[in-house]
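Trainee: Structure file entry28.cif, mmCIF, C-alpha atoms and all ligand atoms, is pasted below:
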```
data_target
#
loop_
_atom_site.label_atom_id
_atom_site.label_comp_id
_atom_site.auth_asym_id
_atom_site.auth_seq_id
_atom_site.Cartn_x
_atom_site.Cartn_y
_atom_site.Cartn_z
CA MET B 62 170.76 127.26 97.51
CA LYS B 63 172.54 127.91 94.22
CA LYS B 64 174.91 125.16 93.15
CA ILE B 65 177.57 126.15 90.65
CA LEU B 66 179.72 123.92 88.48
CA VAL B 67 183.05 125.48 87.49
CA THR B 68 184.82 123.72 84.62
CA GLY B 69 188.49 124.17 83.72
CA ALA B 70 189.02 124.84 87.43
CA ASN B 71 192.83 124.51 87.37
CA GLY B 72 193.15 127.30 84.82
CA GLN B 73 193.87 130.94 85.64
CA LEU B 74 190.26 132.14 85.93
CA GLY B 75 189.08 128.89 87.53
CA ARG B 76 191.58 129.36 90.33
CA CYS B 77 190.61 133.01 90.80
CA ILE B 78 186.95 131.93 91.07
CA LYS B 79 187.96 129.38 93.72
CA ASP B 80 189.56 132.22 95.74
CA ALA B 81 186.60 134.56 95.19
CA ALA B 82 184.13 131.85 96.27
CA ALA B 83 185.15 132.41 99.91
CA SER B 84 183.41 135.80 99.78
CA PHE B 85 180.13 134.20 98.63
CA PRO B 86 179.20 131.83 101.49
CA ASP B 87 175.63 131.50 100.19
CA LEU B 88 176.80 129.88 96.96
CA GLU B 89 177.77 126.19 96.75
CA PHE B 90 180.52 125.20 94.30
CA VAL B 91 181.78 122.11 92.53
CA PHE B 92 185.16 122.78 90.89
CA VAL B 93 186.32 120.34 88.24
CA SER B 94 189.66 120.32 86.44
CA LYS B 95 190.22 118.96 82.93
CA GLU B 96 191.26 115.64 84.48
CA GLU B 97 188.01 115.45 86.49
CA LEU B 98 185.68 116.57 83.70
CA ASP B 99 186.88 116.76 80.12
CA ILE B 100 184.29 118.95 78.40
CA GLU B 101 185.02 117.29 75.05
CA ASN B 102 183.41 114.11 76.41
CA SER B 103 179.62 114.48 76.05
CA ASP B 104 178.81 111.19 77.81
CA LEU B 105 180.82 112.28 80.84
CA LEU B 106 179.19 115.71 80.76
CA LEU B 107 175.64 114.38 80.58
CA ASP B 108 176.35 111.86 83.35
CA PHE B 109 177.92 114.56 85.52
CA PHE B 110 175.00 116.95 85.02
CA SER B 111 172.35 114.29 85.60
CA LYS B 112 173.92 113.19 88.90
CA ASN B 113 174.06 116.74 90.27
CA SER B 114 171.46 119.44 90.44
CA PHE B 115 173.38 122.49 89.36
CA THR B 116 171.67 125.85 89.01
CA HIS B 117 174.64 127.45 87.17
CA CYS B 118 177.69 126.37 85.21
CA ILE B 119 180.68 128.69 84.71
CA ASN B 120 182.67 127.34 81.80
CA THR B 121 186.25 128.55 82.12
CA ALA B 122 187.66 125.57 80.20
CA ALA B 123 189.32 126.71 77.00
CA TYR B 124 192.19 126.45 74.57
CA THR B 125 194.00 129.77 75.15
CA ASN B 126 197.33 129.51 73.33
CA VAL B 127 196.84 132.17 70.64
CA GLU B 128 200.13 131.41 68.88
CA ASN B 129 199.77 127.59 68.78
CA ALA B 130 196.14 127.81 67.64
CA GLU B 131 197.39 128.89 64.21
CA SER B 132 199.07 125.51 63.67
CA GLU B 133 196.48 123.36 65.46
CA PRO B 134 193.09 124.86 64.54
CA GLU B 135 191.31 121.48 64.95
CA LYS B 136 192.28 121.38 68.61
CA ALA B 137 191.30 125.02 69.21
CA PHE B 138 187.87 124.48 67.58
CA ALA B 139 187.37 121.13 69.36
CA ILE B 140 187.70 122.82 72.76
CA ASN B 141 186.52 126.40 72.18
CA ALA B 142 183.60 125.55 69.88
CA GLU B 143 182.55 121.87 69.79
CA ALA B 144 183.12 121.18 73.50
CA VAL B 145 181.40 124.46 74.40
CA LYS B 146 178.42 123.23 72.34
CA LYS B 147 178.37 120.07 74.48
CA VAL B 148 178.38 122.11 77.69
CA ALA B 149 175.57 124.27 76.27
CA VAL B 150 173.48 121.16 75.48
CA SER B 151 174.02 119.83 79.02
CA CYS B 152 172.97 123.20 80.48
CA LYS B 153 169.90 123.40 78.28
CA GLU B 154 168.78 119.83 79.02
CA ASN B 155 169.19 120.31 82.76
CA ASP B 156 167.82 123.86 82.98
CA VAL B 157 171.16 125.21 84.16
CA VAL B 158 172.18 128.85 83.59
CA MET B 159 175.39 128.88 81.54
CA LEU B 160 178.06 131.53 82.16
CA HIS B 161 180.79 131.52 79.54
CA ILE B 162 183.90 133.61 78.92
CA SER B 163 184.80 134.96 75.51
CA THR B 164 187.37 137.38 74.22
CA ASP B 165 188.14 140.75 72.65
CA TYR B 166 189.84 138.72 69.87
CA VAL B 167 186.41 138.08 68.26
CA PHE B 168 186.86 141.59 66.78
CA ASP B 169 189.14 142.59 63.91
CA GLY B 170 190.42 145.71 65.68
CA LYS B 171 189.59 148.14 62.90
CA LYS B 172 187.24 150.21 65.05
CA GLN B 173 188.77 153.20 66.80
CA ALA B 174 186.36 153.43 69.70
CA PRO B 175 185.52 150.86 72.41
CA TYR B 176 183.61 147.86 71.03
CA LEU B 177 179.94 147.41 71.90
CA GLU B 178 178.25 144.02 72.30
CA THR B 179 176.29 144.80 69.13
CA ASP B 180 179.35 145.56 66.96
CA ALA B 181 180.10 143.17 64.11
CA THR B 182 182.55 140.39 64.94
CA ASN B 183 185.30 139.43 62.51
CA PRO B 184 188.12 137.45 64.11
CA ILE B 185 191.56 137.67 62.51
CA ASN B 186 193.14 134.63 64.17
CA VAL B 187 192.20 130.99 64.78
CA TYR B 188 191.76 131.42 68.53
CA GLY B 189 189.31 134.30 68.00
CA ALA B 190 187.40 132.38 65.34
CA SER B 191 187.11 129.31 67.59
CA LYS B 192 185.85 131.43 70.49
CA LEU B 193 183.29 133.14 68.25
CA LYS B 194 181.96 129.76 67.11
CA GLY B 195 181.56 128.78 70.78
CA GLU B 196 179.57 131.97 71.42
CA GLN B 197 177.31 131.19 68.45
CA TYR B 198 176.55 127.66 69.67
CA ILE B 199 175.56 128.94 73.11
CA GLN B 200 173.19 131.51 71.60
CA GLU B 201 171.60 128.86 69.38
CA ILE B 202 171.18 126.27 72.14
CA CYS B 203 170.61 128.08 75.43
CA ASP B 204 167.95 130.53 76.56
CA LYS B 205 169.58 131.14 79.91
CA PHE B 206 173.15 132.23 79.29
CA PHE B 207 175.64 134.97 80.01
CA ILE B 208 178.62 135.39 77.71
CA PHE B 209 181.26 137.69 79.18
CA ARG B 210 183.75 138.93 76.63
CA THR B 211 186.89 140.07 78.43
CA SER B 212 190.45 141.07 77.49
CA TRP B 213 194.11 140.64 78.38
CA LEU B 214 193.52 138.61 81.59
CA TYR B 215 196.28 138.30 84.14
CA SER B 216 196.53 137.13 87.74
CA GLN B 217 198.77 135.39 90.24
CA TYR B 218 197.96 132.08 88.48
CA GLY B 219 198.81 130.35 85.21
CA HIS B 220 200.49 131.80 82.14
CA ASN B 221 199.85 135.45 81.46
CA PHE B 222 201.60 138.63 80.35
CA VAL B 223 202.48 139.75 83.91
CA LYS B 224 204.18 136.40 84.57
CA THR B 225 206.06 136.61 81.26
CA ILE B 226 207.37 140.11 81.97
CA LEU B 227 208.44 139.19 85.52
CA LYS B 228 210.18 136.03 84.30
CA TYR B 229 212.18 137.92 81.65
CA ALA B 230 213.01 140.76 84.05
CA GLU B 231 214.13 138.42 86.84
CA ALA B 232 216.41 136.63 84.34
CA GLU B 233 217.79 140.10 83.47
CA LYS B 234 216.76 139.68 79.84
CA PRO B 235 216.11 142.91 77.94
CA LEU B 236 212.49 143.32 76.96
CA THR B 237 211.21 144.56 73.61
CA ILE B 238 207.46 145.04 73.74
CA THR B 239 205.01 146.02 71.05
CA THR B 240 202.92 149.15 70.78
CA GLU B 241 200.97 147.67 67.84
CA GLN B 242 197.91 146.68 69.87
CA THR B 243 195.73 148.74 72.19
CA GLY B 244 193.43 147.02 74.66
CA THR B 245 192.64 146.71 78.35
CA PRO B 246 194.51 144.51 80.80
CA THR B 247 192.02 142.89 83.17
CA ASN B 248 192.73 141.42 86.58
CA ALA B 249 191.14 137.93 86.51
CA ASN B 250 190.33 138.24 90.23
CA ASP B 251 188.01 141.15 89.37
CA LEU B 252 186.31 139.12 86.63
CA ALA B 253 185.91 136.18 89.02
CA LYS B 254 184.11 138.38 91.57
CA ALA B 255 181.96 139.96 88.85
CA LEU B 256 180.78 136.53 87.64
CA LEU B 257 179.85 135.40 91.14
CA GLN B 258 178.10 138.72 91.77
CA VAL B 259 175.90 138.13 88.68
CA ILE B 260 174.87 134.75 90.11
CA ALA B 261 174.38 136.14 93.62
CA GLN B 262 172.15 138.90 92.19
CA ASP B 263 169.86 136.24 90.68
CA SER B 264 170.09 138.07 87.39
CA THR B 265 167.96 136.93 84.49
CA ASP B 266 169.27 139.64 82.17
CA TYR B 267 170.74 137.01 79.90
CA GLY B 268 172.92 137.87 76.92
CA ILE B 269 176.37 139.02 75.87
CA TYR B 270 178.33 141.45 78.04
CA HIS B 271 181.65 143.20 77.70
CA TYR B 272 183.65 143.17 80.93
CA SER B 273 187.15 144.51 81.42
CA ASN B 274 188.98 146.80 83.79
CA GLY B 275 188.70 150.48 82.81
CA GLY B 276 190.83 152.52 80.41
CA GLU B 277 193.23 151.39 77.70
CA THR B 278 196.91 150.93 76.95
CA THR B 279 199.31 149.04 74.69
CA TRP B 280 201.23 145.89 75.62
CA PHE B 281 204.25 148.20 76.05
CA GLY B 282 202.29 150.43 78.44
CA PHE B 283 201.16 147.33 80.34
CA ALA B 284 204.79 146.10 80.64
CA GLU B 285 205.92 149.53 81.91
CA GLU B 286 203.25 149.48 84.63
CA ILE B 287 204.20 145.91 85.65
CA LEU B 288 207.87 146.84 86.06
CA GLN B 289 206.98 149.98 88.02
CA GLN B 290 205.33 147.77 90.61
CA THR B 291 208.53 146.02 91.64
CA GLU B 292 211.38 148.06 93.05
CA LYS B 293 213.93 145.31 92.39
CA LEU B 294 213.15 145.20 88.66
CA LYS B 295 213.15 148.93 88.03
CA ASP B 296 216.48 148.73 86.15
CA THR B 297 215.15 146.22 83.57
CA LYS B 298 215.80 147.39 80.01
CA LEU B 299 212.46 147.93 78.33
CA ALA B 300 212.27 148.96 74.68
CA LYS B 301 209.34 149.71 72.39
CA THR B 302 208.78 148.09 69.03
CA ASN B 303 206.08 148.62 66.43
CA HIS B 304 206.85 145.33 64.75
CA TYR B 305 206.99 142.28 67.02
CA ARG B 306 206.82 139.12 64.89
CA THR B 307 204.17 136.57 65.86
CA PHE B 308 202.39 133.64 64.15
CA ALA B 309 198.94 134.93 65.00
CA ALA B 310 197.60 138.32 63.96
CA ARG B 311 196.06 140.29 66.82
CA PRO B 312 193.47 143.11 66.65
CA ALA B 313 195.14 146.51 66.61
CA TYR B 314 192.39 147.94 68.82
CA SER B 315 190.24 145.75 71.06
CA VAL B 316 189.06 147.94 73.91
CA LEU B 317 185.64 146.82 75.16
CA ASN B 318 182.84 149.22 76.03
CA ASN B 319 181.59 148.16 79.48
CA LYS B 320 178.49 150.40 79.66
CA LYS B 321 175.95 147.58 79.34
CA TYR B 322 177.56 145.73 82.25
CA LEU B 323 177.57 148.90 84.37
CA ILE B 324 173.92 149.71 83.64
CA ILE B 325 172.56 146.21 84.18
CA PHE B 326 174.64 145.00 87.12
CA LYS B 327 175.43 148.33 88.81
CA GLN B 328 178.81 147.09 90.01
CA PRO B 329 181.91 149.31 90.04
CA LEU B 330 184.72 148.80 87.53
CA ILE B 331 188.28 149.60 88.44
CA ASP B 332 190.88 151.20 86.19
CA TRP B 333 193.41 148.83 84.62
CA ARG B 334 196.40 150.46 86.43
CA LYS B 335 194.66 150.00 89.78
CA GLY B 336 194.01 146.37 88.77
CA VAL B 337 197.75 145.81 88.26
CA GLN B 338 198.59 147.59 91.52
CA ASN B 339 196.06 145.44 93.39
CA LEU B 340 197.63 142.27 92.02
CA PHE B 341 201.05 143.25 93.36
CA ASN B 342 199.70 144.53 96.70
CA GLN B 343 197.41 141.58 97.34
CA TYR B 344 199.00 138.55 95.70
CA LEU B 345 202.63 138.97 94.57
N1 LIG Y 1 193.80 134.55 79.30
C1 LIG Y 1 193.33 135.63 78.70
O1 LIG Y 1 194.05 136.61 78.47
C2 LIG Y 1 191.90 135.69 78.28
C3 LIG Y 1 191.07 134.60 78.41
N2 LIG Y 1 189.77 134.68 77.99
C4 LIG Y 1 188.90 133.52 78.17
O2 LIG Y 1 188.72 133.35 79.57
C5 LIG Y 1 188.56 131.97 79.88
C6 LIG Y 1 189.52 131.57 80.97
O3 LIG Y 1 190.86 131.77 80.50
P1 LIG Y 1 192.12 131.42 81.40
O4 LIG Y 1 191.70 130.95 82.73
O5 LIG Y 1 193.06 132.55 81.28
O6 LIG Y 1 192.70 130.19 80.56
P2 LIG Y 1 193.64 128.97 81.04
O7 LIG Y 1 194.29 128.46 79.82
O8 LIG Y 1 194.48 129.42 82.19
O9 LIG Y 1 192.60 127.93 81.62
C7 LIG Y 1 191.81 127.11 80.80
C8 LIG Y 1 191.70 125.76 81.49
O10 LIG Y 1 190.87 124.91 80.69
C9 LIG Y 1 191.44 123.62 80.70
N3 LIG Y 1 190.97 122.81 79.59
C10 LIG Y 1 191.44 122.73 78.32
N4 LIG Y 1 190.77 121.81 77.62
C11 LIG Y 1 189.82 121.31 78.45
C12 LIG Y 1 188.84 120.31 78.33
N5 LIG Y 1 188.68 119.63 77.18
N6 LIG Y 1 188.05 120.02 79.39
C13 LIG Y 1 188.20 120.69 80.55
N7 LIG Y 1 189.14 121.63 80.74
C14 LIG Y 1 189.94 121.94 79.70
C15 LIG Y 1 192.94 123.90 80.63
O11 LIG Y 1 193.67 122.75 81.00
P3 LIG Y 1 195.14 122.51 80.33
O12 LIG Y 1 195.91 123.76 80.61
O13 LIG Y 1 195.62 121.29 81.03
O14 LIG Y 1 194.88 122.31 78.86
C16 LIG Y 1 193.05 125.03 81.64
O15 LIG Y 1 193.18 124.53 82.96
C17 LIG Y 1 188.73 131.23 78.54
O16 LIG Y 1 187.46 130.99 78.00
C18 LIG Y 1 189.48 132.21 77.68
O17 LIG Y 1 189.21 132.02 76.30
C19 LIG Y 1 189.24 135.81 77.43
C20 LIG Y 1 190.03 136.92 77.27
C21 LIG Y 1 191.40 136.98 77.73
C1 LIG Y 2 206.57 137.87 74.92
C2 LIG Y 2 206.38 139.13 74.12
C3 LIG Y 2 205.19 139.42 73.50
N1 LIG Y 2 205.04 140.56 72.79
C4 LIG Y 2 203.76 140.87 72.14
C5 LIG Y 2 203.13 139.76 71.33
C6 LIG Y 2 201.69 140.16 71.34
O1 LIG Y 2 201.45 141.12 70.32
C7 LIG Y 2 201.50 140.82 72.69
C8 LIG Y 2 200.84 139.95 73.73
O2 LIG Y 2 201.42 138.70 73.73
P1 LIG Y 2 200.87 137.43 74.48
O3 LIG Y 2 201.15 136.29 73.61
O4 LIG Y 2 201.38 137.43 75.87
O5 LIG Y 2 199.30 137.68 74.60
P2 LIG Y 2 198.09 136.98 73.85
O6 LIG Y 2 198.24 135.52 73.97
O7 LIG Y 2 197.86 137.57 72.54
O8 LIG Y 2 196.93 137.45 74.86
C9 LIG Y 2 195.61 137.16 74.52
O9 LIG Y 2 195.27 135.91 75.08
C10 LIG Y 2 193.98 135.47 74.73
C11 LIG Y 2 193.72 134.15 75.45
C12 LIG Y 2 192.91 136.48 74.84
O10 LIG Y 2 191.74 136.15 74.89
C13 LIG Y 2 193.28 137.93 74.67
O11 LIG Y 2 192.39 138.80 75.34
C14 LIG Y 2 194.70 138.24 75.06
O12 LIG Y 2 194.86 138.29 76.45
O13 LIG Y 2 202.81 141.17 73.14
C15 LIG Y 2 206.07 141.49 72.67
O14 LIG Y 2 205.92 142.55 72.03
N2 LIG Y 2 207.28 141.21 73.29
C16 LIG Y 2 207.47 140.07 74.00
O15 LIG Y 2 208.59 139.87 74.54
#
```
Written as structure tokens, how would this file's structure read?
Mentor:
Amino acid sequence: MKKILVTGANGQLGRCIKDAAASFPDLEFVFVSKEELDIENSDLLLDFFSKNSFTHCINTAAYTNVENAESEPEKAFAINAEAVKKVAVSCKENDVVMLHISTDYVFDGKKQAPYLETDATNPINVYGASKLKGEQYIQEICDKFFIFRTSWLYSQYGHNFVKTILKYAEAEKPLTITTEQTGTPTNANDLAKALLQVIAQDSTDYGIYHYSNGGETTWFGFAEEILQQTEKLKDTKLAKTNHYRTFAARPAYSVLNNKKYLIIFKQPLIDWRKGVQNLFNQYL
């Protein structure tokens, strides 16, 4: 029986994994929130791992506020790099397979074709740099790891772009959304199922993988699709901008090439528009 520890379980992806777990009755799960297991605390981590015999750990715990990371880099690095190192050490010492989530923001966005796992990284904001450092620690420490880089996650849970757009639209605020970045919105429920599928398949094809929904769009295109999904918000004023001011720089192009994932795991990928439609049909 595989026994899986899921950290950061009250976050967006953690909660999607909890929902997806119902479709994997052969897998046993232990879900821990930040309050139950703070991954910055190595004593707690080592104690927790030694008292349980996990086969896998999915680390969804992270610092994900891209804007605030610019003014509190210590906190971003403490969670996304140093704490990830502690989880990696616990996995290594207990022979646990580590599954970790990283981001399209490890790239600088200067490429004009979908990024491969082998492309050079060069983060342009603090969040991306902290996530890259976390990736590097895992590769140094663990032999048995999967790092899934994904992009533009949204779901029925937590803070995400879909929630932001709906909140503004419901408050009848006009929306001005940028066309400066191109990427791929990814339904976190799809990522959750993909991660559990990798475990269920008993895969030992360890390494870095790119995983997103299919296709590409801008944040403006994403907002348009979100509003099209709700009849009552169809009159929301939505305008384009090519200069939306933010604290953090974001990669102009961060589409991920998913071919490696498709070849190795042979699981279907759905188009990003279908991912948005599924969210509204199934959860909202
Ligand atoms: N959201 C996105 O668009 C994308 C996310 N990713 C990556 O996917 C993963 C999941 O993201 P997502 O679920 O959206 O993020 P969330 O911010 O929704 O969830 C992260 C969770 O981790 C918790 N956490 C923070 N610090 C600690 C800690 N020290 N110990 C334990 N738990 C902690 C947070 O708690 P609290 O909120 O109380 O601090 C939160 O519940 C992350 O690794 C993220 O970098 C990658 C690409 C896109
Ligand atoms: C709220 C708002 C944002 N924007 C812009 C700002 C930014 O360029 C873009 C997206 O803004 P957000 O802050 O919602 O998204 P952001 O926090 O950049 O999302 C990122 O989160 C991290 C965790 C990741 O790993 C990435 O893959 C990505 O999903 O939209 C507008 O143009 N208009 C608006 O009204």
Trainee: Between B:Asp99, B:Glu128, B:Asp266, B:Glu292, which residue has the minimum interatomic distance to ligand LIG 1 (chain Y), considering all atoms listed in the file?
Mentor: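 Result for the nearest residue to ligand LIG 1 (chain Y): B:Asp99.
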Trainee: What do you get as a PyMOL selection string if you pick all residues at most 8 Å from ligand LIG 2 (chain Y), counting only C-alpha atoms and all ligand atoms?
Mentor: chain B and resi 124-128+163-166+188-189+211-215+221-222+225-226+236-242+246+280-281+301-302+304-307+310-311
Trainee: With only C-alpha atoms as the atoms that count, which of B:Val67, B:Ile269, B:Val187, B:Ile325 lies nearest to Lys136 in chain B?
Mentor: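 Distance minimum relative to Lys136 in chain B lands on B:Val187.
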Trainee: Could I get the residue neighbourhood of ligand LIG 1 (chain Y) at 8 Å, counting all atoms listed in the file, as a VMD selection string?
Mentor: chain B and resid 68 to 76 93 to 102 120 to 126 140 to 141 144 161 to 166 192 210 to 215 218 to 221 249
Trainee: If I take CA of Val337 in chain B and CA of Ile287 in chain B, how far is one from the other in Å, to one decimal?
Mentor: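 Here the two named atoms are 7.0 Å from each other.
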Trainee: Need the axis-aligned box for range 73-84 of chain B with 3 Å each side, so what are the centre and edges in Å to one decimal, as AutoDock Vina command-line options?
Mentor:
```
--center_x 188.6 --center_y 132.3 --center_z 92.8 --size_x 16.5 --size_y 12.9 --size_z 20.3
```
Trainee: Rounded to one decimal, what separation in Å do you get between CA of Leu340 in chain B and CA of Lys228 in chain B?
Mentor: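 According to the coordinates, CA of Leu340 in chain B and CA of Lys228 in chain B are separated by 16.0 Å.
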Trainee: Could you please determine the separation between CA of Thr116 in chain B and CA of Phe85 in chain B in Å, to one decimal place?
Mentor: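 Going from CA of Thr116 in chain B over to CA of Phe85 in chain B covers 15.3 Å.
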Trainee: B:Glu178, B:Asp296, B:Glu286, B:Asp263: which is nearest Tyr322 in chain B, counting all atoms listed in the file?
Mentor: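 Of all the options, B:Glu178 lies closest to Tyr322 in chain B.
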Trainee: Kindly indicate which residue among B:Lys321, B:Lys147, B:Lys153, B:Lys224 lies nearest to Leu177 in chain B, using only C-alpha atoms for the distances.
Mentor: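 The shortest atom-to-atom distance to Leu177 in chain B comes from B:Lys321.
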Trainee: Which residue out of B:Ala81, B:Val223, B:Leu160, B:Met62 has the minimum interatomic distance to Gly268 in chain B when all atoms listed in the file are used?
Mentor: B:Leu160
Trainee: Got a sec to check which residues sit within 9 Å of (200.6, 148.2, 92.5), counting only C-alpha atoms, and write them as a list in words?
Mentor: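 Output of the proximity query reads Glu286, Ile287, Gln289, Gln290, Thr291, Arg334, Lys335, Gly336, Val337, Gln338, Asn339, Leu340, Phe341, Asn342 and Gln343 of chain B.
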Trainee: For Lys172 in chain B, which of B:Tyr314, B:Tyr270, B:Phe326, B:Phe207 is the closest residue, counting all atoms listed in the file?
Mentor: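 When distances to Lys172 in chain B are compared using all atoms listed in the file, the smallest one comes from B:Tyr314.
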Trainee: Write out as a list in words the residues lying within 9 Å of Asn319 in chain B, counting all atoms listed in the file and excluding same-chain residues fewer than 3 positions away.
Mentor: Pro175, Tyr176, Leu177, Glu178, Tyr270, His271, Tyr272, Ser273, Asn274, Gly275, Tyr322, Leu323, Ile324 and Leu330 of chain B
Trainee: Find the residues near Leu294 in chain B: any atom within 8 Å, counting only C-alpha atoms, skip ones fewer than 5 places away on the same chain, and give them as an MDAnalysis selection string.
Mentor: chainID B and resid 230:231 288:289
Trainee: Taking (214.7, 145.0, 79.4) in the file's coordinates as the center, which residues reach within 6 Å of it, counting only C-alpha atoms, put as a PyMOL selection string?
Mentor: chain B and resi 234-236+297-299
Trainee: What does the file look like for those residues with C-alpha atoms, as a PDB file, keeping the file's coordinate frame?
Mentor:
```pdb
ATOM      1  CA  LYS B 234     216.760 139.680  79.840  1.00  0.00           C
ATOM      2  CA  PRO B 235     216.110 142.910  77.940  1.00  0.00           C
ATOM      3  CA  LEU B 236     212.490 143.320  76.960  1.00  0.00           C
ATOM      4  CA  THR B 297     215.150 146.220  83.570  1.00  0.00           C
ATOM      5  CA  LYS B 298     215.800 147.390  80.010  1.00  0.00           C
ATOM      6  CA  LEU B 299     212.460 147.930  78.330  1.00  0.00           C
TER       7      LEU B 299
END
```
Trainee: Could you rebuild range 155-169 of chain B with N, CA and C atoms and give it back as a tab-separated table (two decimals), in the coordinates of the input?
Mentor:
```
chain	number	residue	atom	x	y	z
B	155	ASN	N	169.35	120.39	81.31
B	155	ASN	CA	169.19	120.31	82.76
B	155	ASN	C	168.73	121.64	83.39
B	156	ASP	N	168.30	122.55	82.53
B	156	ASP	CA	167.82	123.86	82.98
B	156	ASP	C	168.82	124.58	83.89
B	157	VAL	N	170.06	124.57	83.42
B	157	VAL	CA	171.16	125.21	84.16
B	157	VAL	C	171.54	126.51	83.44
B	158	VAL	N	171.75	127.58	84.19
B	158	VAL	CA	172.18	128.85	83.59
B	158	VAL	C	173.67	128.73	83.23
B	159	MET	N	173.99	129.00	81.97
B	159	MET	CA	175.39	128.88	81.54
B	159	MET	C	176.08	130.25	81.55
B	160	LEU	N	177.23	130.33	82.23
B	160	LEU	CA	178.06	131.53	82.16
B	160	LEU	C	179.34	131.13	81.43
B	161	HIS	N	179.66	131.89	80.40
B	161	HIS	CA	180.79	131.52	79.54
B	161	HIS	C	181.67	132.75	79.31
B	162	ILE	N	182.96	132.49	79.09
B	162	ILE	CA	183.90	133.61	78.92
B	162	ILE	C	184.38	133.63	77.48
B	163	SER	N	184.26	134.81	76.86
B	163	SER	CA	184.80	134.96	75.51
B	163	SER	C	185.80	136.11	75.51
B	164	THR	N	186.16	136.55	74.34
B	164	THR	CA	187.37	137.38	74.22
B	164	THR	C	187.20	138.60	73.31
B	165	ASP	N	188.04	139.59	73.54
B	165	ASP	CA	188.14	140.75	72.65
B	165	ASP	C	188.64	140.34	71.25
B	166	TYR	N	189.28	139.15	71.16
B	166	TYR	CA	189.84	138.72	69.87
B	166	TYR	C	188.75	138.22	68.90
B	167	VAL	N	187.47	138.35	69.25
B	167	VAL	CA	186.41	138.08	68.26
B	167	VAL	C	186.28	139.28	67.30
B	168	PHE	N	186.93	140.40	67.63
B	168	PHE	CA	186.86	141.59	66.78
B	168	PHE	C	188.11	141.72	65.92
B	169	ASP	N	187.97	142.45	64.80
B	169	ASP	CA	189.14	142.59	63.91
B	169	ASP	C	190.04	143.77	64.28
```
